[in-house]
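Trainee: Please find upload16.pdb (PDB, C-alpha atoms) on the next line:
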ATOM      1  CA  MET T 398     -15.854   4.787  11.368  1.00  0.00           C
ATOM      2  CA  ASP T 399     -19.632   5.024  11.214  1.00  0.00           C
ATOM      3  CA  ASN T 400     -21.153   1.542  11.052  1.00  0.00           C
ATOM      4  CA  ASN T 401     -23.772   2.760   8.558  1.00  0.00           C
ATOM      5  CA  GLU T 402     -21.159   3.891   6.049  1.00  0.00           C
ATOM      6  CA  PHE T 403     -18.253   1.985   4.575  1.00  0.00           C
ATOM      7  CA  SER T 404     -14.946   3.544   3.606  1.00  0.00           C
ATOM      8  CA  LEU T 405     -11.930   1.608   2.367  1.00  0.00           C
ATOM      9  CA  ASP T 406      -9.710   4.492   3.471  1.00  0.00           C
ATOM     10  CA  GLU T 407     -11.063   4.257   7.017  1.00  0.00           C
ATOM     11  CA  LEU T 408     -10.561   0.489   6.956  1.00  0.00           C
ATOM     12  CA  LEU T 409      -6.923   0.951   5.964  1.00  0.00           C
ATOM     13  CA  ARG T 410      -6.393   3.519   8.750  1.00  0.00           C
ATOM     14  CA  CYS T 411      -7.936   1.196  11.354  1.00  0.00           C
ATOM     15  CA  SER T 412      -5.460   0.272  14.093  1.00  0.00           C
ATOM     16  CA  GLU T 413      -6.480  -3.389  13.816  1.00  0.00           C
ATOM     17  CA  PHE T 414      -5.461  -3.523  10.134  1.00  0.00           C
ATOM     18  CA  SER T 415      -1.870  -4.497   9.412  1.00  0.00           C
ATOM     19  CA  ARG T 416      -0.161  -3.977   6.072  1.00  0.00           C
ATOM     20  CA  TYR T 417       1.381  -7.020   4.389  1.00  0.00           C
ATOM     21  CA  GLU T 418       4.699  -6.728   2.609  1.00  0.00           C
ATOM     22  CA  SER T 419       6.290  -9.755   1.006  1.00  0.00           C
ATOM     23  CA  MET T 420      10.003 -10.393   1.352  1.00  0.00           C
ATOM     24  CA  ALA T 421      10.311  -9.737  -2.382  1.00  0.00           C
ATOM     25  CA  THR T 422       8.895  -6.238  -1.849  1.00  0.00           C
ATOM     26  CA  VAL T 423      11.213  -5.568   1.089  1.00  0.00           C
ATOM     27  CA  ASP T 424      14.232  -6.817  -0.876  1.00  0.00           C
ATOM     28  CA  ALA T 425      13.289  -4.728  -3.921  1.00  0.00           C
ATOM     29  CA  MET T 426      12.920  -1.601  -1.766  1.00  0.00           C
ATOM     30  CA  ASN T 427      16.269  -2.215  -0.065  1.00  0.00           C
ATOM     31  CA  ASP T 428      17.983  -2.777  -3.437  1.00  0.00           C
ATOM     32  CA  PHE T 429      16.421   0.406  -4.785  1.00  0.00           C
ATOM     33  CA  LEU T 430      17.549   2.466  -1.776  1.00  0.00           C
ATOM     34  CA  LYS T 431      21.054   1.022  -2.007  1.00  0.00           C
ATOM     35  CA  THR T 432      21.225   2.013  -5.680  1.00  0.00           C
ATOM     36  CA  VAL T 433      19.946   5.506  -4.861  1.00  0.00           C
ATOM     37  CA  LYS T 434      22.561   6.025  -2.151  1.00  0.00           C
ATOM     38  CA  GLU T 435      25.341   4.771  -4.426  1.00  0.00           C
ATOM     39  CA  ASN T 436      24.311   7.062  -7.286  1.00  0.00           C
ATOM     40  CA  THR T 437      23.449  10.343  -5.561  1.00  0.00           C
ATOM     41  CA  ASP T 438      25.777  13.063  -4.413  1.00  0.00           C
ATOM     42  CA  GLY T 439      24.555  13.250  -0.862  1.00  0.00           C
ATOM     43  CA  GLU T 440      22.559  11.734   1.929  1.00  0.00           C
ATOM     44  CA  LYS T 441      20.009  14.562   1.677  1.00  0.00           C
ATOM     45  CA  ALA T 442      19.088  13.617  -1.908  1.00  0.00           C
ATOM     46  CA  ALA T 443      18.881   9.930  -0.997  1.00  0.00           C
ATOM     47  CA  GLU T 444      16.559  10.707   1.929  1.00  0.00           C
ATOM     48  CA  LYS T 445      14.263  12.840  -0.248  1.00  0.00           C
ATOM     49  CA  ILE T 446      14.067  10.081  -2.854  1.00  0.00           C
ATOM     50  CA  LYS T 447      13.347   7.561  -0.064  1.00  0.00           C
ATOM     51  CA  ARG T 448      10.469   9.723   1.274  1.00  0.00           C
ATOM     52  CA  ASP T 449       9.004  10.111  -2.212  1.00  0.00           C
ATOM     53  CA  CYS T 450       9.373   6.377  -2.817  1.00  0.00           C
ATOM     54  CA  ASP T 451       7.668   5.590   0.508  1.00  0.00           C
ATOM     55  CA  ASP T 452       4.752   7.813  -0.542  1.00  0.00           C
ATOM     56  CA  LEU T 453       4.549   6.028  -3.888  1.00  0.00           C
ATOM     57  CA  VAL T 454       4.614   2.591  -2.252  1.00  0.00           C
ATOM     58  CA  TYR T 455       1.903   3.671   0.222  1.00  0.00           C
ATOM     59  CA  CYS T 456      -0.384   4.885  -2.584  1.00  0.00           C
ATOM     60  CA  THR T 457       0.287   1.788  -4.679  1.00  0.00           C
ATOM     61  CA  PHE T 458      -0.511  -0.459  -1.711  1.00  0.00           C
ATOM     62  CA  HIS T 459      -3.826   1.320  -1.138  1.00  0.00           C
ATOM     63  CA  ASP T 460      -4.768   1.059  -4.803  1.00  0.00           C
ATOM     64  CA  ALA T 461      -3.880  -2.653  -4.904  1.00  0.00           C
ATOM     65  CA  PHE T 462      -5.865  -3.315  -1.729  1.00  0.00           C
ATOM     66  CA  LYS T 463      -8.899  -1.449  -3.042  1.00  0.00           C
ATOM     67  CA  GLN T 464      -8.742  -3.305  -6.345  1.00  0.00           C
ATOM     68  CA  GLY T 465      -8.468  -6.664  -4.571  1.00  0.00           C
ATOM     69  CA  PHE T 466     -11.254  -5.801  -2.155  1.00  0.00           C
ATOM     70  CA  CYS T 467     -13.577  -4.721  -4.962  1.00  0.00           C
ATOM     71  CA  PHE T 468     -12.773  -7.914  -6.885  1.00  0.00           C
ATOM     72  CA  ALA T 469     -13.590  -9.977  -3.783  1.00  0.00           C
ATOM     73  CA  MET T 470     -16.927  -8.181  -3.315  1.00  0.00           C
ATOM     74  CA  LYS T 471     -17.846  -8.654  -6.973  1.00  0.00           C
ATOM     75  CA  SER T 472     -16.952 -12.346  -6.677  1.00  0.00           C
ATOM     76  CA  VAL T 473     -19.148 -12.749  -3.614  1.00  0.00           C
ATOM     77  CA  LYS T 474     -22.047 -10.977  -5.341  1.00  0.00           C
ATOM     78  CA  PHE T 475     -21.630 -13.242  -8.376  1.00  0.00           C
ATOM     79  CA  LEU T 476     -21.618 -16.368  -6.202  1.00  0.00           C
ATOM     80  CA  LEU T 477     -24.718 -15.213  -4.323  1.00  0.00           C
ATOM     81  CA  LYS T 478     -26.613 -14.880  -7.620  1.00  0.00           C
ATOM     82  CA  SER T 479     -26.168 -18.608  -8.311  1.00  0.00           C
TER      83      SER T 479
END
Can you present the structure in this file as structure tokens?
Mentor:
Amino acid sequence: MDNNEFSLDELLRCSEFSRYESMATVDAMNDFLKTVKENTDGEKAAEKIKRDCDDLVYCTFHDAFKQGFCFAMKSVKFLLKS
């Protein structure tokens, strides 16, 4: 990443950045996958749903991180004005 430019996407792809998942999130995902496997006709359908769900979780995580990061920056700017 160029030090003169800032990109949240590049920050998230950085090897030094680790994604946080709470136990509640892990449990919810496991419960969801269990339900999917119990209610689909085959392993192939369950795997496709799992891949799509993983993509959704990944995008949701990025959006939540960006929103939190922007809120933190706005808070810092507000505090610096005082």
Trainee: Can you work out which one of T:Cys467, T:Ala421, T:Leu430, T:Leu476 has the shortest atom-to-atom distance to T:Glu444, counting only C-alpha atoms?
Mentor: T:Leu430
Trainee: Neighbouring residues of T:Lys445 were defined as those with any atom within 12 Å, considering only C-alpha atoms; residues of the same chain fewer than 6 positions away were excluded. Please report them as a compact mmCIF listing (two decimals) with C-alpha atoms, keeping the file's coordinate frame.
Mentor:
# COMPACT_ATOMS: atom_id res chain seq x y z
CA LEU T 430 17.55 2.47 -1.78
CA VAL T 433 19.95 5.51 -4.86
CA LYS T 434 22.56 6.02 -2.15
CA THR T 437 23.45 10.34 -5.56
CA GLY T 439 24.56 13.25 -0.86
CA ASP T 451 7.67 5.59 0.51
CA ASP T 452 4.75 7.81 -0.54
Trainee: Select, from T:Lys441, T:Ser412, T:Phe462, T:Lys447, the residue with the minimum atom-to-atom distance to T:Asn427, counting only C-alpha atoms.
Mentor: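 Nearest to T:Asn427: T:Lys447.
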Trainee: In terms of the shortest atom-to-atom distance over all atoms listed in the file, which of T:Ser404, T:Asn436, T:Glu418, T:Lys471 is closest to T:Phe458?
Mentor: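 Among the listed residues, the smallest separation from T:Phe458 belongs to T:Glu418.
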Trainee: What separation in Å, quoted to one decimal, exists between atom CA of T:Thr422 and atom CA of T:Cys456?
Mentor: 14.5 Å
Trainee: In terms of the shortest atom-to-atom distance over all atoms listed in the file, which of T:Met426, T:Asp438, T:Thr432, T:Tyr455 is closest to T:Leu409?
Mentor: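 Ranked by minimum distance to T:Leu409, first place goes to T:Tyr455.
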Trainee: For atom CA of T:Arg416 and atom CA of T:His459, determine how far apart the two atoms are, in Å to one decimal place.
Mentor: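 Atom CA of T:His459 lies at a distance of 9.7 Å from atom CA of T:Arg416.
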Trainee: Interatomic distance between atom CA of T:Met420 and atom CA of T:Glu435?
Mentor: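 Separation between atom CA of T:Met420 and atom CA of T:Glu435: 22.3 Å.
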Trainee: Would you please work out which residue, of T:Cys411, T:Tyr417, T:Lys431, T:Asp449, is nearest to T:Ala461 when using all atoms listed in the file?
Mentor: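 Smallest separation from T:Ala461 among the options: T:Tyr417.
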Trainee: With all atoms listed in the file as the atoms that count, which of T:Val454, T:Ala469, T:Arg448, T:Gln464 lies nearest to T:Val423?
Mentor: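 Closest residue, counting all atoms listed in the file: T:Val454.
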